[in-house]
Every structure is written in C-alpha cells, then in structure tokens.
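Heads up, the thing below is written out as structure tokens.
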Amino acid sequence: MANLEPPAIRVRLLGQISIWTTGGVVTTFRSNRVPALLGLLITQPGTHTRQALSRTLWPGATDDVGLHNLRQILVYLRASLGDISDVALNATRSTIALNQGIVSSDVDVLLSTERYQTAESRKEINELAAALFEGPFLPGINDEWIRDERSHLSQVYLRALLYLADAEMEGAPGKALEYAQRAVLEEPLMDGARARKLRALIRSGEKVAAQLEYEAFADLLDQELGITPSDTVRDALNDQVRVRKSAPPGDRENVSTDLSFALDMLGFGDNPSQAVDLALAATPHWISVGTPRLGMDRLQEALARAGSNVSDTARAAAWAALAELSLAKGDMREAERFLDELQRTQTGKSERILFRAMHSRTWINLMRLDSKAAVETAKTAIAIAQSCGDPNLELDALSQLSTAALNTSNFDEALESADRALGLAKRLGRTISVGSALQAKALALEELGAIAEAEECVRLAMQVVAGVQTSKAITLRVSIARLLENLGHLEEAESGYRQCLASMQSFENKIREVVTITYLGDLVQSTNRPREAIGLHSKALEIRRQMHDPVGVATSLRGLGRAYTDLNELHAAREALTESANLFLNDDAIPGYASVLLALAVVEEKSNHLQLAMRLARRALKLLRGMTHFERKKNGRSGLSAIPEAEELLARCGSSPV
C-alpha cells in the first residue's frame with residue numbers, strides 16, 4: 001500500500017478488507033456493515049443522505065430501525081478510522097460523506113484506469129491497479145449492491161489486464177502472457193482474454209501450447225455455452241489481429257469537390273497557409289456531410305504544404321480539428337493522440353482551442369463509459385466557455401454535462417444542467433438545442449421518478465422539432481420516440497419512428513435510417529408481431545451488410561433471433577443468435593454479447609436443454625451485473641429488464657441466480 005497517496009488513511013477492499021491508519025492496521029470489525037458502509041462511500045463518492053444509506057445497508061428494515069443501525073455503525077467506523085476520523089468523515093444530522101482527499105483505496109486506483117491518462121502515465125496506473133487487485137470487492141459480504149459493484153470492478157480489472165497484455169505484446173511477450181493468463185483466470189469464457197493468451201504464446205515460441213490452448217477453449221465453450229470460439233480467437237492462433245472493417249458510410253472522395261479544388265489552388269499558390277485556414281474553417285462541414293476522412297486528409301495535406309509558414313495558433317487549432325474529425329469517424333485512439341499532441345504544444349492555444357479540446361475529451365470519456373471523468377471535463381469546458389463569454393459554447397458543454405451526469409446516476413445535477421441548457425437555448429433561439437435540452441430534462445425526470453413531468457417534456461420536445469426537416473432534427477425525433485417507448489407509450493413511439501423514416505427519404509444517411517428501422521423492429525416484436533419484426537430486421541440486416549458494419553449486423557441478427565424464437569422457429573433462432581454472438585465478440589461489444597447469451601438461453605429453455613439454458617443465463621447475468629445502468633439501457637427496454645429476465649429464467653429452470 002506504500003504507493004497509494006495520500007497516506008493519511010489507506011483502505012483495501014479488493015480480496016481483503018483492511019484499513020491502514022497512523023495507529024496501525026485494522027482487519028477485524030464489530031459488524032460487516034462497517035466495511036460495507038465504507039465501501040459504499042468509496043465507490044459512490046459524494047454526499048449521501050442518512051436515509052438513503054440506511055435503506056441500502058438495511059433494505060428490509062423500517063426507516064427508524066435503519067437510521068438507528070446507521071448511527072451505531074458510524075460509531076464503529078469512526079473507531080476503525082482512528083484519530084483523524086473527524087477529518088475523514090463529513091457527517092451532519094442528515095448527511096454523510098467521505099473526504100476523498102484523506103482516504104485512498106485500491107478501488108480508487110482501479111477505477112482511475114478508466115479515466116483519461118496521458119500515454120506516459122496510462123501504463124503505470126494500470127500496472128499499479130493490477131498489482132493491488134487481490135480478489136473480489138468486499139469478499140464475504142453479499143448485499144445486492146455489493147454483488148453488482150463486485151461484477152463491475154471485476155470488468156474494470158479485466159480491461160486493465162487486457163490493456164497491459166496489448167502494451168507488452170510487441171516488446172515483452174512473456175510479460176504479456178502473464179497478464180493474459182490472469183485475464184483468462186478472471187474470465188475463462190471471454191474470447192478477448194483467450195485471444196491475447198494465444199497471441200502471447202505464439203510470440204513466445206509456444207506454438208504447440210497455443211494449439212492445445214485453443215482446443216481446450218473450444219471444448220470449454222461448447223460444453224458451457226454451446227458455441228464456438230469467435231473469429232478473433234481463430235485469428236490469434238495465427239498471430240493475426242482482426243481488422244475492424246466498419247466505416248461510416250458516405251465518406252466519399254467526390255463529396256465537396258469545389259472545396260477540395262479551392263484547397264488545392266491555395267495550397268499550391270503563393271500563400272499555402274491560407275489553405276490551412278480554409279481547411280480548419282471547413283472542419284464542421286466535413287463532419288456534417290459525413291466525410292471526416294476526407295477532411296483529415298485535406299487538412300494534413302495543407303499543413304504539409306505550408307510547412308513552417310503555419311502560425312502557432314493555426315497549428316494548435318489543427319490538432320483540435322484533427323481530434324474532432326477522428327471522433328467523427330469513430331477512432332477514439334487517434335483522437336486522443338491528436339489531443340495529446342495539442343497538450344504538448346507550448347504556444348498558440350487560445351481559450352476557444354482549449355474549449356474544443358476539452359469538448360472532445362468529454363466525448364472520449366463518454367465513449368469510454370468513464371462518466372465521472374466526463375463530468376469533470378464538461379465542467380472545465382463550461383468554465384472555459386464562460387471565460388470566453390460565448391453562450392453558444394457554454395450551451396454545447398452543458399448538454400454534455402447533462403449526459404455525463406445521467407451516466408453517473410447524479411440525476412439532480414443532470415436535471416440542473418438540462419434546465420440551464422434549456423434556458424440558454426431559448427435565449428439563443430437554437431430550436432434543435434431547445435428540443436435536445438427538453439429531451440435531456442425528460443431523461444433526468446424519468447430517473448427521478450417524476451414520470452408525468454418527464455412525459456410533458458417529451459411531448460414539448462416533439463412539438464419543438466416536429467416541423468423541422470433537417471438531419472439533426474430527425475435524429476432528435478428518433479431519440480424522442482425512443483424515450484416515449486421507454487416510458488411505455490408504444491403507439492406514439494411507433495408513430496414517431498414511422499414518421500421519421502418517411503422524413504429520412506429526403507436525406508442520405510443510412511446509419512440513422514437503419515437504427516430507426518431496428519428500433520421499430522424491436523418495438524413491433526415487443527407488441528407480439530414477430531413476422532413483421534422479421535421483415536424489419538431483415539431489411540436492416542441487408543443495409544448493414546452493405547455498409548460492412550459488423551456490430552450493426554450483430555444487432556440485426558439478434559433482433560431476427562428473438563423474433564424467430566417467438567415463432568418457435570428455434571433452429572433459425574439459434575443460427576442467427578450464434579452468428580450475432582460471434583460478431584459482437586469480434587468487436588468487444590460486451591453489452592450486445594450479454595443480451596445475445598440471454599436470448600440463446602431462452603432458445604435452449606424452449607428446446608428443453610435446461611442445463612445449457614442455465615449456463616447461458618448465468619453467464620449473461622454475470623456480464624450484465626458488471627455493466628452500469630446506462631450501459632444496459634443502451635439496449636432499450638430489453639436492456640433494462642435483462643437482469644430480472646435472467647433471474648426469472650434461472651428460477652424457472654430450478655436454479656438460484658446468485
């Protein structure tokens with residue numbers, strides 16, 4: 001624990017439970033509620049009401065009994081924390097919070113691996129997390145919230161091991177093998193972990209051992225889940241890295257030819273730095289028309305031609321623009337590389353450029369599902385926007401903050417930022433932003449249980465954008481229809497999807513169209529129309545195959561598999577779902593993979609293969625519990641109901657869900 005800072009109080013909760021204070025080490029507690037309370041305060045930082053804490057720690061007790069118990073446990077916790085417990089704990093008559101600046105823990109280190117790190121520090125923090133991880137979170141305590149947190153932290157640990165295996169693969173395959181083996185022990189059925197172990201064995205010269213490992217894994221998957229290894233694992237046996245072929249459609253060289261011609265004329269003229277300025281100004285255009293690759297190529301060509309004639313400010317702006325273009329084409333790693341370059345730039349960084357960089361950082365954090373870091377970067381972006389005195393920038397950052405706060409389950413902050421965004425959007429007359437802020441407000445109200453108010457906001461949002469026939473407006477209308485569906489207004493949602501599909505005929509955007517068709521197909525199936533659902537999912541599948549979008553193909557196959565299951569066409573269902581599982585695994589899309597395993601469990605249950613159904617459901621349940629609420633919610637209503645559905649299936653088969 002010597003590496004953990006600050007050193008005032010150091011806590012271990014992974015594999016063992018201990019508290020290191022100036023007075024010594026505490027490893028025994030008068031009640032398991034003491035480490036449970038401490039673990040809750042560490043994993044869910046912030047101020048908690050006493051009532052909320054008592055209900056979590058004693059879910060079956062009355063409020064009076066729970067609050068009495070909490071007071072007693074707080075006394076025990078103070079004794080365990082020692083002389084500086086008053087500094088470590090901020091306790092009032094109604095709230096309790098942990099001073100994160102006084103208490104450090106192995107959990108904090110592990111969670112920090114998910115936050116943004118520079119290229120130099122990322123490996124170091126992952127190595128420290130891997131060294132500190134000694135086992136499950138709060139071992140021996142099996143509250144429901146602890147089981148969920150335990151699964152989530154296990155997945156964070158797994159991602160750290162996989163990152164380290166990749167980082168060592170080229171220079172130290174023996175070390176990569178150690179990390180990969182630990183990942184396999186953590187998740188024996190995970191294709192990504194096994195693929196890295198195979199590749200490390202091959203690079204260590206252990207080809208026979210790699211072949212035996214592959215065969216053993218194939219047998220294990222067949223026995224446990226009734227499926228075969230994914231393409232990623234088969235490629236690893238040949239020391240090949242699977243190349244993801246998905247690419248945003250519409251990134252065509254013949255788009256915006258006039259702009260490209262102008263860039264060429266300026267670039268080869270007497271003042272090539274003007275071409276850089278034009279390419280920078282065109283960044284929003286390249287993104288909006290769906291040609292970020294072309295935009296990157298033209299900007300980098302302009303920079304190369306201008307050479308040393310580019311000003312420091314223009315060069316800094318170029319790094320920010322290249323990061324935005326990289327994000328638009330879905331390459332997060334490349335975007336981070338450009339942002340790192342901007343961070344190293346010593347001159348030319350104006351406040352607006354810094355805002356663009358922080359705005360991109362927030363999107364990266366959201367894409368990484370590190371919502372806590374996204375909240376911090378969004379707040380920094382808001383502060384920069386306010387310093388610039390630009391309400392348009394502030395509005396953009398507030399929208400991000402609302403999304404990030406929702407993902408951290410801080411629904412009050414999400415509601416507050418959505419309200420601020422709504423006020424700004426109205427003042428600036430940005431119609432689409434008004435609708436977007438209303439939708440964000442509805443999402444927060446829904447989570448807070450204010451369903452009637454949420455429904456009112458949704459309908460207001462729909463009214464605001466109903467007559468607007470732009471690409472952004474239609475995209476927002478699809479999201480609003482999705483929210484209506486989640487609120488249970490299925491007829492309105494279906495009507496919204498169909499209207500959006502009709503409006504899309506004026507715009508060439510296959511991604512938005514196919515997503516809407518998929519949403520509609522899922523809704524139709526949920527209203528007991530599987531034949532119609534098959535038609536919609538088949539149409540979506542055809543489009544996605546043309547787009548070379550493997551995750552999209554997996555999504556459509558999942559919809560087809562579920563519809564075939566409802567029709568008791570179990571052979572067709574099994575084929576579609578098995579291919580779907582393989583494709584999700586090839587892209588490390590674990591939420592999709594877990595949902596497919598649950599769908600396969602239903603197929604096997606209907607086929608009276610109860611043991612296999614139980615194994616599939618248990619595997620799905622483990623993965624689902626390792627996800628955040630919002631990761632599951634991305635699959636719509638089926639994602640929200642997935643955990644209870646898995647538990648019910650296990651109960652029907654005569655097995656405990658634990």
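Naming scheme: A, B, ... for chains in displayed order of the structure tokens; residues 1 onward per chain; ligands 1 onward as shown.
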
- Message: Taking 3 positions as the minimum chain separation for residues in the same chain, which residues sit within 9 Å of region 55-61 of chain A when counting only C-alpha atoms? Answer as a PyMOL selection string.
- Response: chain A and resi 33+36-37+50-52+64-67+69-70+143+145

Just-selected residues, N, CA and C atoms written as a PDB file, in the first residue's frame:
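Listing of again_39.pdb after writing:
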ATOM      1  N   ARG A  33     -21.252  -4.509   8.496  1.00  0.00           N
ATOM      2  CA  ARG A  33     -21.822  -3.248   7.994  1.00  0.00           C
ATOM      3  C   ARG A  33     -20.795  -2.123   8.004  1.00  0.00           C
ATOM      4  N   ALA A  36     -18.973  -2.434   4.781  1.00  0.00           N
ATOM      5  CA  ALA A  36     -19.987  -2.196   3.750  1.00  0.00           C
ATOM      6  C   ALA A  36     -20.264  -0.701   3.607  1.00  0.00           C
ATOM      7  N   LEU A  37     -20.400   0.005   4.738  1.00  0.00           N
ATOM      8  CA  LEU A  37     -20.618   1.450   4.691  1.00  0.00           C
ATOM      9  C   LEU A  37     -19.415   2.156   4.071  1.00  0.00           C
ATOM     10  N   ARG A  50     -28.618  10.235   5.159  1.00  0.00           N
ATOM     11  CA  ARG A  50     -28.599   9.097   6.084  1.00  0.00           C
ATOM     12  C   ARG A  50     -29.709   8.102   5.733  1.00  0.00           C
ATOM     13  N   GLN A  51     -30.819   8.641   5.315  1.00  0.00           N
ATOM     14  CA  GLN A  51     -31.939   7.757   4.986  1.00  0.00           C
ATOM     15  C   GLN A  51     -31.584   6.853   3.808  1.00  0.00           C
ATOM     16  N   ALA A  52     -30.949   7.428   2.756  1.00  0.00           N
ATOM     17  CA  ALA A  52     -30.577   6.627   1.585  1.00  0.00           C
ATOM     18  C   ALA A  52     -29.558   5.557   1.968  1.00  0.00           C
ATOM     19  N   ASP A  64     -36.865   3.958  10.840  1.00  0.00           N
ATOM     20  CA  ASP A  64     -36.397   4.214  12.209  1.00  0.00           C
ATOM     21  C   ASP A  64     -35.314   3.220  12.604  1.00  0.00           C
ATOM     22  N   VAL A  65     -35.537   1.927  12.316  1.00  0.00           N
ATOM     23  CA  VAL A  65     -34.555   0.903  12.651  1.00  0.00           C
ATOM     24  C   VAL A  65     -33.281   1.108  11.837  1.00  0.00           C
ATOM     25  N   GLY A  66     -33.429   1.378  10.536  1.00  0.00           N
ATOM     26  CA  GLY A  66     -32.263   1.581   9.677  1.00  0.00           C
ATOM     27  C   GLY A  66     -31.411   2.752  10.126  1.00  0.00           C
ATOM     28  N   LEU A  67     -32.047   3.872  10.495  1.00  0.00           N
ATOM     29  CA  LEU A  67     -31.301   5.054  10.938  1.00  0.00           C
ATOM     30  C   LEU A  67     -30.611   4.800  12.278  1.00  0.00           C
ATOM     31  N   ASN A  69     -29.554   1.833  13.309  1.00  0.00           N
ATOM     32  CA  ASN A  69     -28.411   0.966  12.974  1.00  0.00           C
ATOM     33  C   ASN A  69     -27.256   1.770  12.386  1.00  0.00           C
ATOM     34  N   LEU A  70     -27.602   2.718  11.513  1.00  0.00           N
ATOM     35  CA  LEU A  70     -26.566   3.520  10.858  1.00  0.00           C
ATOM     36  C   LEU A  70     -25.783   4.341  11.880  1.00  0.00           C
ATOM     37  N   ASP A 143     -24.465  -8.355  -0.172  1.00  0.00           N
ATOM     38  CA  ASP A 143     -25.597  -7.478  -0.464  1.00  0.00           C
ATOM     39  C   ASP A 143     -25.769  -7.372  -1.977  1.00  0.00           C
ATOM     40  N   TRP A 145     -26.277  -4.732  -3.860  1.00  0.00           N
ATOM     41  CA  TRP A 145     -25.495  -3.644  -4.461  1.00  0.00           C
ATOM     42  C   TRP A 145     -24.009  -4.013  -4.500  1.00  0.00           C
TER      43      TRP A 145
END

- Task: Write out as a ChimeraX atom specification each polymer residue whose atoms come within 10 Å of Leu110 (chain A), counting only C-alpha atoms; drop sequence neighbours fewer than 3 positions from it.
- Result: /A:14,105-107,113-115,125-133,153-154,156-157,160

How about saving the chosen residues, C-alpha atoms kept, as an mmCIF file, in the first residue's frame?
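The new file part00.cif reads:
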data_model
loop_
_atom_site.group_PDB
_atom_site.id
_atom_site.type_symbol
_atom_site.label_atom_id
_atom_site.label_comp_id
_atom_site.auth_asym_id
_atom_site.auth_seq_id
_atom_site.Cartn_x
_atom_site.Cartn_y
_atom_site.Cartn_z
ATOM 1 C CA LEU A 14 -10.300 -5.986 -3.134
ATOM 2 C CA SER A 105 -8.059 2.901 -1.632
ATOM 3 C CA ASP A 106 -7.219 0.128 -4.053
ATOM 4 C CA VAL A 107 -10.683 0.665 -5.544
ATOM 5 C CA THR A 113 -7.584 3.200 -15.012
ATOM 6 C CA GLU A 114 -10.887 4.037 -16.731
ATOM 7 C CA ARG A 115 -10.276 7.768 -16.602
ATOM 8 C CA ILE A 125 -1.563 3.318 -13.388
ATOM 9 C CA ASN A 126 -2.781 0.079 -14.966
ATOM 10 C CA GLU A 127 0.275 -1.774 -13.619
ATOM 11 C CA LEU A 128 -0.399 -0.409 -10.138
ATOM 12 C CA ALA A 129 -4.062 -1.417 -10.313
ATOM 13 C CA ALA A 130 -3.146 -4.929 -11.443
ATOM 14 C CA ALA A 131 -0.633 -5.237 -8.596
ATOM 15 C CA LEU A 132 -3.152 -4.101 -5.980
ATOM 16 C CA PHE A 133 -6.043 -6.291 -7.144
ATOM 17 C CA LEU A 153 -14.979 -3.801 -10.686
ATOM 18 C CA SER A 154 -14.096 -7.252 -11.999
ATOM 19 C CA VAL A 156 -12.622 -2.868 -14.911
ATOM 20 C CA TYR A 157 -9.788 -5.111 -13.682
ATOM 21 C CA ALA A 160 -6.723 -3.214 -17.273
#

- Item | Residues flagged alpha helix (DSSP H) by DSSP in region 540-592 of chain A, as JSON, numbers by chain | {"A": [540, 541, 542, 543, 544, 545, 546, 547, 550, 551, 552, 553, 554, 555, 556, 557, 558, 559, 560, 561, 562, 563, 564, 565, 566, 570, 571, 572, 573, 574, 575, 576, 577, 578, 579, 580, 581, 582, 583, 584, 585, 586, 590, 591, 592]}

Could you save the residues just selected, with N, CA and C atoms, as a CSV table (one decimal), in the first residue's frame?
chain,number,residue,atom,x,y,z
A,540,ALA,N,-33.0,-4.2,-42.2
A,540,ALA,CA,-31.9,-3.6,-41.5
A,540,ALA,C,-30.6,-4.4,-41.7
A,541,LEU,N,-30.8,-5.7,-41.7
A,541,LEU,CA,-29.6,-6.6,-41.9
A,541,LEU,C,-29.0,-6.4,-43.3
A,542,GLU,N,-29.8,-6.3,-44.3
A,542,GLU,CA,-29.3,-6.1,-45.7
A,542,GLU,C,-28.6,-4.8,-45.8
A,543,ILE,N,-29.1,-3.7,-45.2
A,543,ILE,CA,-28.4,-2.4,-45.3
A,543,ILE,C,-27.1,-2.5,-44.5
A,544,ARG,N,-27.1,-3.1,-43.4
A,544,ARG,CA,-25.8,-3.2,-42.6
A,544,ARG,C,-24.8,-4.1,-43.2
A,545,ARG,N,-25.2,-5.1,-43.9
A,545,ARG,CA,-24.2,-5.9,-44.6
A,545,ARG,C,-23.6,-5.1,-45.7
A,546,GLN,N,-24.4,-4.3,-46.4
A,546,GLN,CA,-23.8,-3.4,-47.5
A,546,GLN,C,-22.9,-2.4,-46.9
A,547,MET,N,-23.1,-2.0,-45.7
A,547,MET,CA,-22.3,-0.9,-45.0
A,547,MET,C,-21.1,-1.5,-44.4
A,550,PRO,N,-20.1,-4.7,-38.8
A,550,PRO,CA,-20.3,-6.0,-38.1
A,550,PRO,C,-21.1,-5.9,-36.9
A,551,VAL,N,-21.0,-4.8,-36.1
A,551,VAL,CA,-21.8,-4.7,-34.9
A,551,VAL,C,-23.2,-4.4,-35.2
A,552,GLY,N,-23.4,-3.6,-36.3
A,552,GLY,CA,-24.8,-3.5,-36.8
A,552,GLY,C,-25.4,-4.8,-37.2
A,553,VAL,N,-24.6,-5.5,-38.0
A,553,VAL,CA,-25.1,-6.9,-38.4
A,553,VAL,C,-25.5,-7.7,-37.2
A,554,ALA,N,-24.6,-7.7,-36.2
A,554,ALA,CA,-24.9,-8.5,-35.0
A,554,ALA,C,-26.2,-8.0,-34.3
A,555,THR,N,-26.4,-6.7,-34.3
A,555,THR,CA,-27.7,-6.2,-33.7
A,555,THR,C,-28.9,-6.7,-34.5
A,556,SER,N,-28.8,-6.6,-35.8
A,556,SER,CA,-30.0,-7.1,-36.6
A,556,SER,C,-30.2,-8.6,-36.5
A,557,LEU,N,-29.1,-9.3,-36.4
A,557,LEU,CA,-29.2,-10.8,-36.2
A,557,LEU,C,-29.9,-11.1,-34.9
A,558,ARG,N,-29.5,-10.3,-33.9
A,558,ARG,CA,-30.1,-10.5,-32.6
A,558,ARG,C,-31.6,-10.3,-32.6
A,559,GLY,N,-32.1,-9.2,-33.3
A,559,GLY,CA,-33.5,-9.0,-33.5
A,559,GLY,C,-34.2,-10.1,-34.2
A,560,LEU,N,-33.5,-10.6,-35.3
A,560,LEU,CA,-34.1,-11.8,-36.0
A,560,LEU,C,-34.2,-13.0,-35.1
A,561,GLY,N,-33.1,-13.3,-34.4
A,561,GLY,CA,-33.1,-14.4,-33.5
A,561,GLY,C,-34.3,-14.4,-32.5
A,562,ARG,N,-34.5,-13.2,-31.9
A,562,ARG,CA,-35.6,-13.1,-30.9
A,562,ARG,C,-36.9,-13.3,-31.6
A,563,ALA,N,-37.1,-12.7,-32.8
A,563,ALA,CA,-38.4,-12.9,-33.5
A,563,ALA,C,-38.6,-14.4,-33.8
A,564,TYR,N,-37.6,-15.0,-34.3
A,564,TYR,CA,-37.7,-16.5,-34.7
A,564,TYR,C,-38.1,-17.3,-33.4
A,565,THR,N,-37.5,-16.9,-32.3
A,565,THR,CA,-37.8,-17.6,-31.0
A,565,THR,C,-39.2,-17.5,-30.7
A,566,ASP,N,-39.8,-16.3,-30.8
A,566,ASP,CA,-41.2,-16.1,-30.5
A,566,ASP,C,-42.1,-16.9,-31.4
A,570,LEU,N,-36.9,-22.5,-33.7
A,570,LEU,CA,-35.7,-22.5,-32.8
A,570,LEU,C,-34.4,-22.7,-33.6
A,571,HIS,N,-34.4,-23.5,-34.6
A,571,HIS,CA,-33.2,-23.7,-35.4
A,571,HIS,C,-32.7,-22.4,-36.0
A,572,ALA,N,-33.6,-21.7,-36.6
A,572,ALA,CA,-33.3,-20.4,-37.3
A,572,ALA,C,-32.9,-19.4,-36.2
A,573,ALA,N,-33.5,-19.4,-35.1
A,573,ALA,CA,-33.2,-18.5,-34.0
A,573,ALA,C,-31.8,-18.8,-33.5
A,574,ARG,N,-31.4,-20.0,-33.3
A,574,ARG,CA,-30.1,-20.4,-32.8
A,574,ARG,C,-29.0,-20.0,-33.8
A,575,GLU,N,-29.3,-20.2,-35.1
A,575,GLU,CA,-28.3,-19.8,-36.1
A,575,GLU,C,-28.0,-18.3,-36.1
A,576,ALA,N,-29.1,-17.5,-36.1
A,576,ALA,CA,-29.0,-16.1,-36.1
A,576,ALA,C,-28.3,-15.6,-34.8
A,577,LEU,N,-28.6,-16.1,-33.7
A,577,LEU,CA,-28.1,-15.6,-32.4
A,577,LEU,C,-26.6,-16.0,-32.3
A,578,THR,N,-26.3,-17.2,-32.7
A,578,THR,CA,-24.9,-17.7,-32.6
A,578,THR,C,-24.0,-16.8,-33.5
A,579,GLU,N,-24.4,-16.5,-34.7
A,579,GLU,CA,-23.6,-15.6,-35.5
A,579,GLU,C,-23.5,-14.2,-34.9
A,580,SER,N,-24.6,-13.7,-34.3
A,580,SER,CA,-24.7,-12.4,-33.6
A,580,SER,C,-23.6,-12.4,-32.5
A,581,ALA,N,-23.6,-13.5,-31.7
A,581,ALA,CA,-22.7,-13.5,-30.6
A,581,ALA,C,-21.2,-13.4,-31.1
A,582,ASN,N,-20.9,-14.1,-32.1
A,582,ASN,CA,-19.6,-14.1,-32.7
A,582,ASN,C,-19.2,-12.7,-33.1
A,583,LEU,N,-20.1,-12.0,-33.8
A,583,LEU,CA,-19.8,-10.7,-34.3
A,583,LEU,C,-19.6,-9.7,-33.2
A,584,PHE,N,-20.5,-9.8,-32.1
A,584,PHE,CA,-20.3,-8.9,-31.0
A,584,PHE,C,-19.0,-9.1,-30.3
A,585,LEU,N,-18.6,-10.3,-30.2
A,585,LEU,CA,-17.3,-10.6,-29.5
A,585,LEU,C,-16.1,-10.1,-30.4
A,586,ASN,N,-16.2,-10.2,-31.7
A,586,ASN,CA,-15.1,-9.7,-32.5
A,586,ASN,C,-14.9,-8.2,-32.3
A,590,ILE,N,-19.5,-6.1,-25.4
A,590,ILE,CA,-20.0,-7.0,-24.4
A,590,ILE,C,-21.5,-6.8,-24.0
A,591,PRO,N,-22.0,-5.5,-24.0
A,591,PRO,CA,-23.4,-5.4,-23.7
A,591,PRO,C,-24.3,-6.2,-24.7
A,592,GLY,N,-23.9,-6.1,-26.0
A,592,GLY,CA,-24.6,-6.8,-27.0
A,592,GLY,C,-24.5,-8.3,-26.9

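Residue nearest His629 (chain A), chosen from A:Leu162, A:Leu225, A:Arg615, A:Thr408 and counting only C-alpha atoms: A:Thr408.
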
- Task: Name all residues at most 10 Å from Arg529 (chain A) (count only C-alpha atoms; drop same-chain ones fewer than 5 positions away) and give them as a ChimeraX atom specification.
- Result: /A:521-524,534,563,566-567
